[in-house]
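Q: Quick one, coords35.txt (compact mmCIF, C-alpha atoms):
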# COMPACT_ATOMS: atom_id res chain seq x y z
CA MET A 156 66.10 65.56 92.45
CA LYS A 157 62.83 67.08 91.30
CA ARG A 158 60.97 65.50 88.43
CA HIS A 159 61.32 68.49 86.10
CA HIS A 160 65.08 68.50 86.68
CA ILE A 161 65.22 64.89 85.57
CA THR A 162 63.13 65.79 82.53
CA ALA A 163 65.48 68.65 81.75
CA ILE A 164 68.51 66.37 81.83
CA VAL A 165 66.80 63.86 79.56
CA LEU A 166 65.86 66.60 77.12
CA LEU A 167 69.43 67.92 77.15
CA VAL A 168 70.62 64.45 76.14
CA VAL A 169 68.05 64.53 73.31
CA VAL A 170 69.37 67.98 72.32
CA ALA A 171 72.91 66.62 72.21
CA ALA A 172 71.87 63.67 70.05
CA ILE A 173 69.92 65.84 67.60
CA SER A 174 72.73 68.40 67.47
CA VAL A 175 75.31 65.73 66.70
CA TYR A 176 73.12 64.17 63.99
CA THR A 177 72.07 67.39 62.27
CA GLY A 178 75.47 68.97 62.80
CA GLY A 179 77.02 66.03 61.01
CA ILE A 180 74.71 66.59 58.06
CA PHE A 181 75.49 70.30 57.89
CA LEU A 182 79.24 69.65 58.14
CA SER A 183 79.04 67.04 55.37
CA LEU A 184 77.69 69.72 53.02
CA ARG A 185 81.13 71.35 53.19
CA GLU A 186 82.75 68.35 51.54
CA PRO A 187 83.31 69.20 47.86
CA ASP A 188 81.73 66.90 45.32
CA VAL A 189 83.97 64.38 43.58
CA ILE A 190 84.83 65.64 40.12
CA LYS A 191 86.79 63.23 37.96
CA PRO A 192 88.92 65.21 35.49
CA GLY A 193 89.11 63.72 32.04
CA GLU A 194 92.16 63.25 29.84
CA GLY A 195 91.82 66.80 28.56
CA VAL A 196 92.68 68.36 31.92
CA THR A 197 96.36 69.31 31.94
CA GLU A 198 96.51 71.10 35.28
CA VAL A 199 94.43 71.78 38.38
CA ARG A 200 95.05 75.07 40.17
CA LYS A 201 93.37 76.90 43.04
CA LEU A 202 91.69 80.27 42.85
CA SER A 203 93.97 81.31 45.70
CA ASP A 204 96.88 81.02 43.26
CA TYR A 205 95.58 84.34 41.93
CA PHE A 206 94.77 85.90 45.32
CA ALA A 207 96.58 84.33 48.24
CA PRO A 208 94.29 85.53 51.09
CA LEU A 209 91.63 83.07 49.84
CA LYS A 210 93.86 80.12 50.70
CA GLY A 211 92.43 78.04 53.53
CA THR A 212 89.00 79.69 53.27
CA ARG A 213 85.81 78.30 51.79
CA GLY A 214 86.12 80.99 49.14
CA ASP A 215 88.94 79.02 47.53
CA THR A 216 87.99 76.62 44.76
CA ASP A 217 89.48 74.37 42.09
CA VAL A 218 90.43 75.77 38.69
CA TYR A 219 90.74 73.20 35.90
CA VAL A 220 92.98 73.95 32.94
CA LEU A 221 92.64 72.16 29.60
CA LYS A 222 95.53 73.26 27.42
CA GLY A 223 95.84 72.28 23.79
CA GLU A 224 99.09 71.40 22.06
CA GLN A 225 98.67 74.25 19.59
CA GLU A 226 98.92 77.82 20.78
CA GLY A 227 95.74 79.86 20.69
CA GLY A 228 93.35 81.92 22.73
CA LYS A 229 91.89 81.37 26.19
CA VAL A 230 88.29 80.74 27.23
CA LEU A 231 86.96 80.69 30.81
CA VAL A 232 83.78 78.93 31.90
CA LEU A 233 82.34 79.84 35.30
CA GLY A 234 79.86 77.33 36.73
CA GLY A 235 78.31 77.47 40.19
CA THR A 236 78.18 81.25 40.55
CA HIS A 237 74.79 80.42 42.05
CA ALA A 238 74.88 76.93 43.55
CA ASN A 239 71.10 76.55 43.32
CA GLU A 240 71.31 76.69 39.51
CA PRO A 241 72.40 73.14 38.69
CA SER A 242 72.79 73.36 34.91
CA GLY A 243 75.60 75.92 35.23
CA TYR A 244 77.54 73.78 37.67
CA LEU A 245 76.90 70.51 35.83
CA THR A 246 77.85 71.98 32.45
CA ALA A 247 81.21 72.92 33.92
CA VAL A 248 81.57 69.41 35.38
CA VAL A 249 80.87 67.82 31.98
CA LEU A 250 83.50 70.07 30.40
CA VAL A 251 86.08 69.07 33.03
CA GLU A 252 85.29 65.38 32.66
CA GLN A 253 84.88 65.16 28.88
CA ALA A 254 86.35 68.08 26.95
CA LYS A 255 89.60 67.88 25.04
CA VAL A 256 91.30 71.00 23.77
CA THR A 257 93.48 70.80 20.70
CA ALA A 258 94.27 74.50 20.32
CA GLY A 259 94.34 77.26 22.88
CA GLU A 260 93.25 76.87 26.47
CA LEU A 261 89.95 76.22 28.25
CA ILE A 262 89.81 77.12 31.94
CA VAL A 263 86.85 75.86 33.95
CA ILE A 264 85.76 76.76 37.48
CA PRO A 265 82.82 74.45 38.34
CA ARG A 266 82.19 75.99 41.79
CA ALA A 267 82.82 79.69 41.30
CA ASN A 268 81.20 80.43 44.69
CA ASN A 269 82.40 77.46 46.70
CA SER A 270 80.93 78.86 49.94
CA ALA A 271 77.46 78.78 48.37
CA PHE A 272 77.76 75.01 47.93
CA THR A 273 78.18 74.49 51.69
CA HIS A 274 74.61 75.42 52.63
CA ASN A 275 71.07 75.83 51.30
CA ASP A 276 68.69 78.75 51.26
CA SER A 277 66.38 78.77 54.27
CA GLN A 278 62.73 77.85 53.83
CA GLU A 279 63.10 76.78 50.18
CA GLY A 280 62.89 73.05 50.83
CA ALA A 281 65.47 72.45 48.11
CA PRO A 282 67.12 69.03 47.77
CA LEU A 283 70.60 68.72 49.23
CA TYR A 284 71.94 66.73 46.30
CA VAL A 285 71.13 65.61 42.78
CA HIS A 286 72.18 62.17 41.59
CA PHE A 287 73.10 60.57 38.28
CA THR A 288 74.17 57.11 37.18
CA ASN A 289 77.17 57.04 34.86
CA ALA A 290 77.76 54.61 32.02
CA ALA A 291 79.57 52.25 34.39
CA GLY A 292 76.52 52.06 36.63
CA GLU A 293 78.12 54.12 39.41
CA GLU A 294 76.12 56.77 41.23
CA ARG A 295 77.45 60.31 41.05
CA GLN A 296 76.28 62.90 43.54
CA PHE A 297 76.38 66.68 43.21
CA ARG A 298 75.36 69.40 45.62
CA TYR A 299 72.34 71.64 45.14
CA GLY A 300 73.37 74.66 47.18
CA SER A 301 72.45 78.27 47.81
CA ARG A 302 72.35 81.38 45.69
CA ALA A 303 74.71 83.16 48.08
CA SER A 304 77.77 82.65 50.24
CA ASN A 305 77.27 80.89 53.57
CA VAL A 306 76.54 83.24 56.50
CA ILE A 307 78.98 81.15 58.56
CA ASP A 308 81.72 82.34 56.18
CA GLN A 309 80.58 85.96 55.85
CA TRP A 310 78.63 87.80 58.48
CA PRO A 311 76.91 90.19 59.11
CA ASP A 312 74.91 91.35 56.12
CA PRO A 313 74.57 95.13 56.02
CA ASP A 314 71.09 96.60 55.89
CA VAL A 315 71.98 97.99 52.46
CA TYR A 316 74.68 96.52 50.23
CA GLU A 317 76.65 99.20 48.41
CA HIS A 318 78.57 98.00 45.37
CA ALA A 319 82.11 99.21 45.99
CA SER A 320 83.10 100.58 42.59
CA SER A 321 79.76 102.13 41.59
CA GLY A 322 77.92 102.96 44.80
CA GLN A 323 74.85 101.09 43.56
CA GLN A 324 72.64 100.10 46.48
CA LEU A 325 70.90 96.76 46.77
CA SER A 326 69.31 94.67 49.52
CA GLY A 327 71.84 93.79 52.21
CA SER A 328 71.78 90.04 51.51
CA GLU A 329 73.15 90.73 48.00
CA THR A 330 76.52 91.29 49.67
CA ARG A 331 76.85 87.48 49.54
CA ASN A 332 75.84 87.17 45.89
CA LEU A 333 78.96 86.53 43.81
CA ASN A 334 77.26 88.01 40.74
CA ARG A 335 76.79 91.39 42.41
CA GLY A 336 80.35 91.80 43.64
CA TYR A 337 82.47 92.16 40.50
CA PRO A 338 85.09 93.37 39.89
CA GLY A 339 85.62 92.75 43.58
CA ARG A 340 88.20 94.23 45.89
CA ALA A 341 91.18 92.84 47.72
CA ASP A 342 90.13 94.30 51.08
CA GLY A 343 86.45 93.46 50.72
CA ASN A 344 84.38 90.73 52.31
CA LEU A 345 84.79 87.08 51.31
CA THR A 346 82.44 87.31 48.33
CA GLU A 347 84.11 90.48 47.05
CA GLN A 348 87.48 88.77 47.44
CA MET A 349 86.28 85.80 45.36
CA CYS A 350 85.19 88.27 42.66
CA TYR A 351 88.55 90.00 42.91
CA ALA A 352 90.42 86.71 42.53
CA ILE A 353 88.43 85.73 39.42
CA THR A 354 88.99 89.20 37.93
CA GLU A 355 92.72 88.96 38.69
CA MET A 356 92.84 85.52 37.08
CA ILE A 357 91.19 86.87 33.92
CA LYS A 358 93.73 89.69 33.75
CA LYS A 359 96.77 87.58 34.54
CA GLU A 360 95.82 84.76 32.18
CA ASP A 361 94.69 87.23 29.50
CA ILE A 362 91.44 85.33 29.02
CA GLY A 363 89.75 86.33 25.80
CA LEU A 364 86.22 84.95 26.26
CA THR A 365 84.41 84.38 29.58
CA PHE A 366 81.20 82.44 30.09
CA ASP A 367 79.11 82.73 33.26
CA LEU A 368 76.49 79.95 33.32
CA HIS A 369 73.20 80.49 35.14
CA GLU A 370 69.60 79.43 35.47
CA ALA A 371 66.48 81.42 36.19
CA SER A 372 62.88 80.77 37.12
CA PRO A 373 60.49 80.34 34.14
CA GLU A 374 58.63 83.53 35.12
CA TYR A 375 61.82 85.60 34.88
CA PRO A 376 62.08 87.69 31.69
CA VAL A 377 65.74 86.95 31.00
CA ILE A 378 65.45 83.24 30.33
CA ASN A 379 66.85 80.99 27.58
CA ALA A 380 68.95 84.02 26.90
CA THR A 381 72.46 85.34 26.54
CA VAL A 382 73.37 88.64 28.14
CA ALA A 383 76.29 90.34 26.45
CA HIS A 384 78.46 93.32 27.23
CA GLU A 385 78.51 95.79 24.33
CA ARG A 386 82.05 94.65 23.46
CA SER A 387 80.81 91.04 23.30
CA MET A 388 77.72 91.73 21.21
CA ASP A 389 79.27 90.78 17.88
CA ILE A 390 80.31 87.38 19.30
CA ALA A 391 76.88 86.96 20.84
CA ALA A 392 75.06 87.90 17.64
CA MET A 393 77.09 85.54 15.47
CA GLY A 394 76.79 82.70 17.97
CA SER A 395 73.05 83.23 18.47
CA PHE A 396 72.54 83.03 14.73
CA ASP A 397 74.36 79.71 14.75
CA LEU A 398 72.17 78.47 17.61
CA ASP A 399 69.04 79.62 15.84
CA MET A 400 70.06 77.63 12.75
CA MET A 401 70.15 74.56 15.02
CA GLY A 402 66.64 75.28 16.25
CA ILE A 403 67.80 76.55 19.66
CA ALA A 404 65.85 79.66 20.60
CA MET A 405 68.25 82.06 22.32
CA SER A 406 67.27 85.63 22.98
CA LEU A 407 70.01 88.21 23.07
CA GLU A 408 70.01 90.82 25.82
CA PRO A 409 72.37 93.79 26.13
CA SER A 410 74.06 94.13 29.50
CA PRO A 411 72.33 97.02 31.28
CA VAL A 412 74.90 99.72 31.97
CA ASN A 413 73.18 100.71 35.20
CA LEU A 414 73.00 97.18 36.71
CA ARG A 415 76.34 96.85 38.43
CA GLY A 416 78.34 94.03 39.94
CA LEU A 417 77.49 91.35 37.39
CA THR A 418 79.99 89.47 35.22
CA HIS A 419 78.53 90.69 31.93
CA ARG A 420 78.97 94.32 32.99
CA GLU A 421 82.01 94.50 35.21
CA LEU A 422 84.30 91.98 33.51
CA GLY A 423 83.65 93.81 30.25
CA ASP A 424 84.39 97.19 31.84
CA PHE A 425 87.36 96.26 34.00
CA THR A 426 89.18 93.61 31.92
CA ASP A 427 89.84 92.91 28.24
CA THR A 428 87.78 89.70 28.25
CA TYR A 429 84.55 89.37 26.27
CA PRO A 430 81.97 88.29 28.86
CA LEU A 431 78.77 86.38 28.09
CA LEU A 432 76.21 85.22 30.62
CA MET A 433 73.74 82.48 29.68
CA GLU A 434 70.47 81.51 31.38
CA THR A 435 68.37 78.34 31.19
CA ALA A 436 64.99 77.56 32.78
CA ASN A 437 65.00 76.06 36.28
CA ALA A 438 61.59 75.39 37.81
CA SER A 439 63.10 74.40 41.17
CA GLN A 440 64.10 78.01 41.90
CA GLY A 441 60.82 79.52 40.72
CA ARG A 442 58.11 81.06 42.89
CA LEU A 443 55.20 79.22 41.22
CA ARG A 444 56.51 75.70 41.71
CA GLY A 445 54.80 72.82 43.47
CA ALA A 446 56.70 70.20 45.43
CA THR A 447 60.41 71.05 45.60
CA ASN A 448 62.58 67.99 45.25
CA GLU A 449 65.39 66.43 43.25
CA LYS A 450 62.97 65.26 40.58
CA LEU A 451 61.83 68.83 39.90
CA ALA A 452 65.43 70.05 39.74
CA LEU A 453 66.27 67.38 37.18
CA ASP A 454 63.18 67.13 34.96
CA GLY A 455 61.48 70.48 35.50
CA LYS A 456 58.04 68.87 35.23
CA ASP A 457 55.55 70.92 37.23
CA LYS A 458 51.79 71.17 36.69
CA TYR A 459 51.65 74.64 38.19
CA TYR A 460 54.10 75.95 35.62
CA VAL A 461 52.02 74.31 32.89
CA SER A 462 49.02 76.24 34.24
CA ALA A 463 51.08 79.43 34.43
CA GLU A 464 52.05 78.98 30.79
CA ALA A 465 48.37 78.72 29.82
CA LEU A 466 47.76 82.01 31.66
CA GLY A 467 50.58 83.69 29.76
CA MET A 468 52.69 84.27 32.86
CA LEU A 469 55.95 82.74 31.67
CA TYR A 470 58.81 83.77 29.40
CA VAL A 471 59.65 80.26 28.22
CA PRO A 472 57.41 77.62 26.63
CA TYR A 473 56.24 75.15 29.27
CA ASP A 474 54.35 71.90 28.90
CA GLU A 475 54.06 68.58 30.70
CA ASN A 476 57.53 67.61 29.45
CA GLY A 477 59.16 70.30 31.58
CA HIS A 478 62.76 71.29 30.89
CA SER A 479 65.13 68.45 31.66
CA ILE A 480 68.64 68.89 33.02
CA GLU A 481 69.85 67.32 29.77
CA GLU A 482 68.11 70.07 27.77
CA ARG A 483 69.51 72.79 30.03
CA VAL A 484 73.07 71.46 30.12
CA GLY A 485 72.84 70.82 26.39
CA ARG A 486 71.90 74.48 25.79
CA HIS A 487 74.87 75.66 27.85
CA LEU A 488 77.31 73.27 26.19
CA GLN A 489 76.12 74.22 22.71
CA GLY A 490 76.29 77.88 23.68
CA VAL A 491 79.91 77.49 24.80
CA LEU A 492 80.77 75.73 21.54
CA SER A 493 78.92 78.14 19.26
CA TYR A 494 80.08 81.35 20.91
CA THR A 495 83.66 80.06 21.05
CA THR A 496 83.49 79.38 17.32
CA ALA A 497 82.22 82.91 16.77
CA TYR A 498 85.09 84.26 18.91
CA ASN A 499 87.59 82.23 16.89
CA ASP A 500 86.17 83.55 13.61
CA LEU A 501 86.00 87.18 14.70
CA TYR A 502 89.25 87.55 16.59
CA GLY A 503 91.48 84.78 15.29
CA GLU A 504 92.53 83.60 18.78
CA VAL A 505 91.53 80.03 18.24
CA VAL A 506 90.29 77.76 20.98
CA THR A 507 89.26 74.33 19.70
CA ILE A 508 87.16 72.27 22.11
CA GLU A 509 86.35 68.69 21.20
CA ASN A 510 84.62 65.64 22.69
CA VAL A 511 81.82 67.77 24.12
CA PRO A 512 78.24 66.59 23.57
CA THR A 513 76.20 68.98 21.47
CA TYR A 514 72.63 70.05 22.25
CA ASP A 515 71.06 67.38 20.05
CA VAL A 516 73.26 64.67 21.53
CA MET A 517 72.41 65.71 25.10
CA LEU A 518 68.68 65.72 24.37
CA ALA A 519 68.88 62.08 23.28
CA ALA A 520 71.10 60.99 26.17
CA LYS A 521 71.26 60.99 29.95
CA LEU A 522 73.59 63.39 31.73
CA GLY A 523 75.18 60.45 33.53
CA ASP A 524 76.46 59.18 30.19
CA TYR A 525 78.89 62.11 30.21
CA LEU A 526 80.12 61.70 33.76
CA ASN A 527 83.23 59.63 34.48
CA MET B 218 81.96 91.83 65.83
CA THR B 219 81.60 88.09 65.48
CA ILE B 220 83.02 87.66 69.00
CA VAL B 221 80.37 90.01 70.40
CA TYR B 222 77.68 88.08 68.52
CA LEU B 223 78.92 84.75 69.88
CA VAL B 224 79.10 86.09 73.45
CA ILE B 225 75.51 87.30 73.21
CA LEU B 226 74.54 83.96 71.69
CA ALA B 227 76.21 82.04 74.52
CA ALA B 228 74.40 84.20 77.06
CA VAL B 229 71.03 83.54 75.42
CA LEU B 230 71.82 79.83 75.28
CA ALA B 231 72.69 79.80 78.97
CA LEU B 232 69.41 81.54 79.80
CA VAL B 233 67.39 79.06 77.75
CA ILE B 234 69.14 76.12 79.43
CA TRP B 235 68.42 77.72 82.80
CA ASN B 236 64.80 78.07 81.73
CA LEU B 237 64.77 74.39 80.73
CA PHE B 238 65.67 73.46 84.31
CA THR B 239 63.35 75.91 86.06
CA GLU B 240 60.25 75.22 83.98
CA GLU B 241 57.91 72.68 85.54
CA LYS B 242 55.56 72.27 82.55
CA LEU B 243 56.77 69.65 80.07
CA GLN B 244 55.51 71.55 76.99
CA ASN B 245 57.57 74.59 78.00
CA GLN B 246 60.62 72.39 78.53
CA LEU B 247 60.08 70.90 75.06
CA THR B 248 59.90 74.41 73.61
CA ALA B 249 63.16 75.30 75.33
CA MET B 250 64.71 72.13 73.92
CA MET B 251 63.74 73.11 70.38
CA VAL B 252 65.21 76.59 70.85
CA ILE B 253 68.51 75.20 72.20
CA ILE B 254 69.26 73.11 69.09
CA PRO B 255 69.81 75.95 66.56
CA LEU B 256 71.60 78.03 69.19
CA VAL B 257 74.10 75.22 69.76
CA LEU B 258 74.65 74.76 66.03
CA ARG B 259 75.25 78.49 65.59
CA LEU B 260 77.53 78.76 68.62
CA LEU B 261 79.66 75.98 67.13
CA MET B 262 79.58 77.81 63.75
CA ILE B 263 78.12 74.75 62.06
CA LYS B 264 74.87 76.24 60.77
For this file, write the structure as structure tokens.

A:
Amino acid sequence: MKRHHITAIVLLVVVAAISVYTGGIFLSLREPDVIKPGEGVTEVRKLSDYFAPLKGTRGDTDVYVLKGEQEGGKVLVLGGTHANEPSGYLTAVVLVEQAKVTAGELIVIPRANNSAFTHNDSQEGAPLYVHFTNAAGEERQFRYGSRASNVIDQWPDPDVYEHASSGQQLSGSETRNLNRGYPGRADGNLTEQMCYAITEMIKKEDIGLTFDLHEASPEYPVINATVAHERSMDIAAMGSFDLDMMGIAMSLEPSPVNLRGLTHRELGDFTDTYPLLMETANASQGRLRGATNEKLALDGKDKYYVSAEALGMLYVPYDENGHSIEERVGRHLQGVLSYTTAYNDLYGEVVTIENVPTYDVMLAAKLGDYLN
Amino acid sequence: MTIVYLVILAAVLALVIWNLFTEEKLQNQLTAMMVIIPLVLRLLMIK
């Protein structure tokens, strides 16, 4: 046998070993994180309960129901629409693990785009996981995923993505962005089917108030903000006033009527729910960031963003303290509480959520303190 | 369409493996090795 044939065989063995090792890592990303429902959770459903074709796919996801003893309204919280925006996902996890509902019903989907949690965006260098230590000293691990559905689950991307109900055209990769696919369609691609299932759930459950929790880069204009459909604006205005009284700066943005496919537009147009989308500041998804790692995702401390702030390039105050995950989750939790109170006051369909840490409490604590 | 894509992928993979065995220069064999890894992971629909 010639020497280069021997070399080729050796290298093929190396290929096999590397493929097995890396393949194992990629396959492990498909394992859903452990979420430990608290006493407030009365039922766990699947999104496929509302649209059966999702069953057995990575578009299916857990739906946690917290039902109070007293009758009342219904509130939905969507976390993980974008799996690279950790405060949205983790806020939903805290609600599942801590919240107790005494009146009405709170429905929480921590991983709205479950497929997005099974991979990471190429060439971003993002961490695979973020970790916390709970009060019992146990380590909890949560995925840091991708903005869009996994290409293994949905392929190919068109050159141009055309939003089905409006004809709006966007870059082809947006076909895998859950927040560009609403209201969805039953015969669409996987992402559109996930949107369809969530829309169907909102209609079937007659959900009165819907939150979609997000993060954005500090240089993005819509940051530390709530985006409201015109029907939701009275709830948003009342809730924002409440937040302002607590010293929480929250800008209020109207949902653009010409930007289609997003929750704050389509759920308001196609269902009776009042949709609100909230954004917090996430340096780890920004374009100006330095080293990308778990630390940045969790504490937001970045000297380049401090410099950018000094140059007036940002839309959120930024100093050496960064924006911690506790601050960001605290903003989302307080937003859910304040806007739900406004909804209760305005429309009388009461949803009472208790045992949830407020913004001030989260600032003084560690997120792990509120994980089971 | 996915079947067509995977057939093309398998053909490319076969050609690269063939190249791995016909190349006499080690650096070219190492290059072929690096190309094979992502092709295998995609053929198996892992990544």

Q: Looking at B:Lys264, B:Leu258, B:Val233, B:Thr219, which one is nearest to Gln246 in chain B, with distances taken over only C-alpha atoms?

A: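 Comparing B:Lys264, B:Leu258, B:Val233, B:Thr219 against Gln246 in chain B, the winner is B:Val233.
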
Q: At a cut-off of 12 Å, using all atoms listed in the file, what residues contact Tyr222 in chain B? Leave out same-chain residues fewer than 2 positions from it and give the result as a PyMOL selection string.

A: (chain A and resi 310-311) or (chain B and resi 218-220+224-229+256+259-260+262)

Q: If the cut-off is 6 Å, can you tell me the residues of chain A near chain B, counting all atoms listed in the file? I'd like them as JSON, numbers by chain.

A: {"A": [159, 160, 163]}

Q: Next, the residues of the selection above should be written as a short mmCIF file (atom, residue, chain, number, x, y, z; two decimals), in the frame of the given file with C-alpha atoms.

A:
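File produced: part_30.cif:
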data_model
loop_
_atom_site.label_atom_id
_atom_site.label_comp_id
_atom_site.auth_asym_id
_atom_site.auth_seq_id
_atom_site.Cartn_x
_atom_site.Cartn_y
_atom_site.Cartn_z
CA HIS A 159 61.32 68.49 86.10
CA HIS A 160 65.08 68.50 86.68
CA ALA A 163 65.48 68.65 81.75
#

Q: For Glu385 in chain A, list every protein, DNA or RNA residue within 12 Å, evaluated using all atoms listed in the file, and leave out those in the same chain fewer than 4 positions away; present the list as JSON, numbers by chain.

A: {"A": [389, 390, 391, 392, 407, 408, 409, 410, 411, 412, 419, 420, 421, 422, 423, 424, 428, 429, 430, 431]}

Q: Hey, can you check how far CA of Leu184 in chain A sits from CA of Gly300 in chain A?

A: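 These atoms are spaced 8.8 Å apart.
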
Q: Considering all atoms listed in the file, state which residue in the set A:Met517, A:Val218, A:Met468, A:Ala436 is at the smallest distance from Gly455 in chain A.

A: A:Ala436

Q: For Gly195 in chain A, list every protein, DNA or RNA residue within 7 Å, evaluated using all atoms listed in the file, and leave out those in the same chain fewer than 3 positions away; present the list as a ChimeraX atom specification.

A: /A:221,254-256

Q: Excluding same-chain residues fewer than 4 positions from range 276-280 of chain A, what lies within 9 Å of it counting all atoms listed in the file, as JSON, numbers by chain?

A: {"A": [239, 300, 301, 302, 303, 440, 446, 447, 448]}
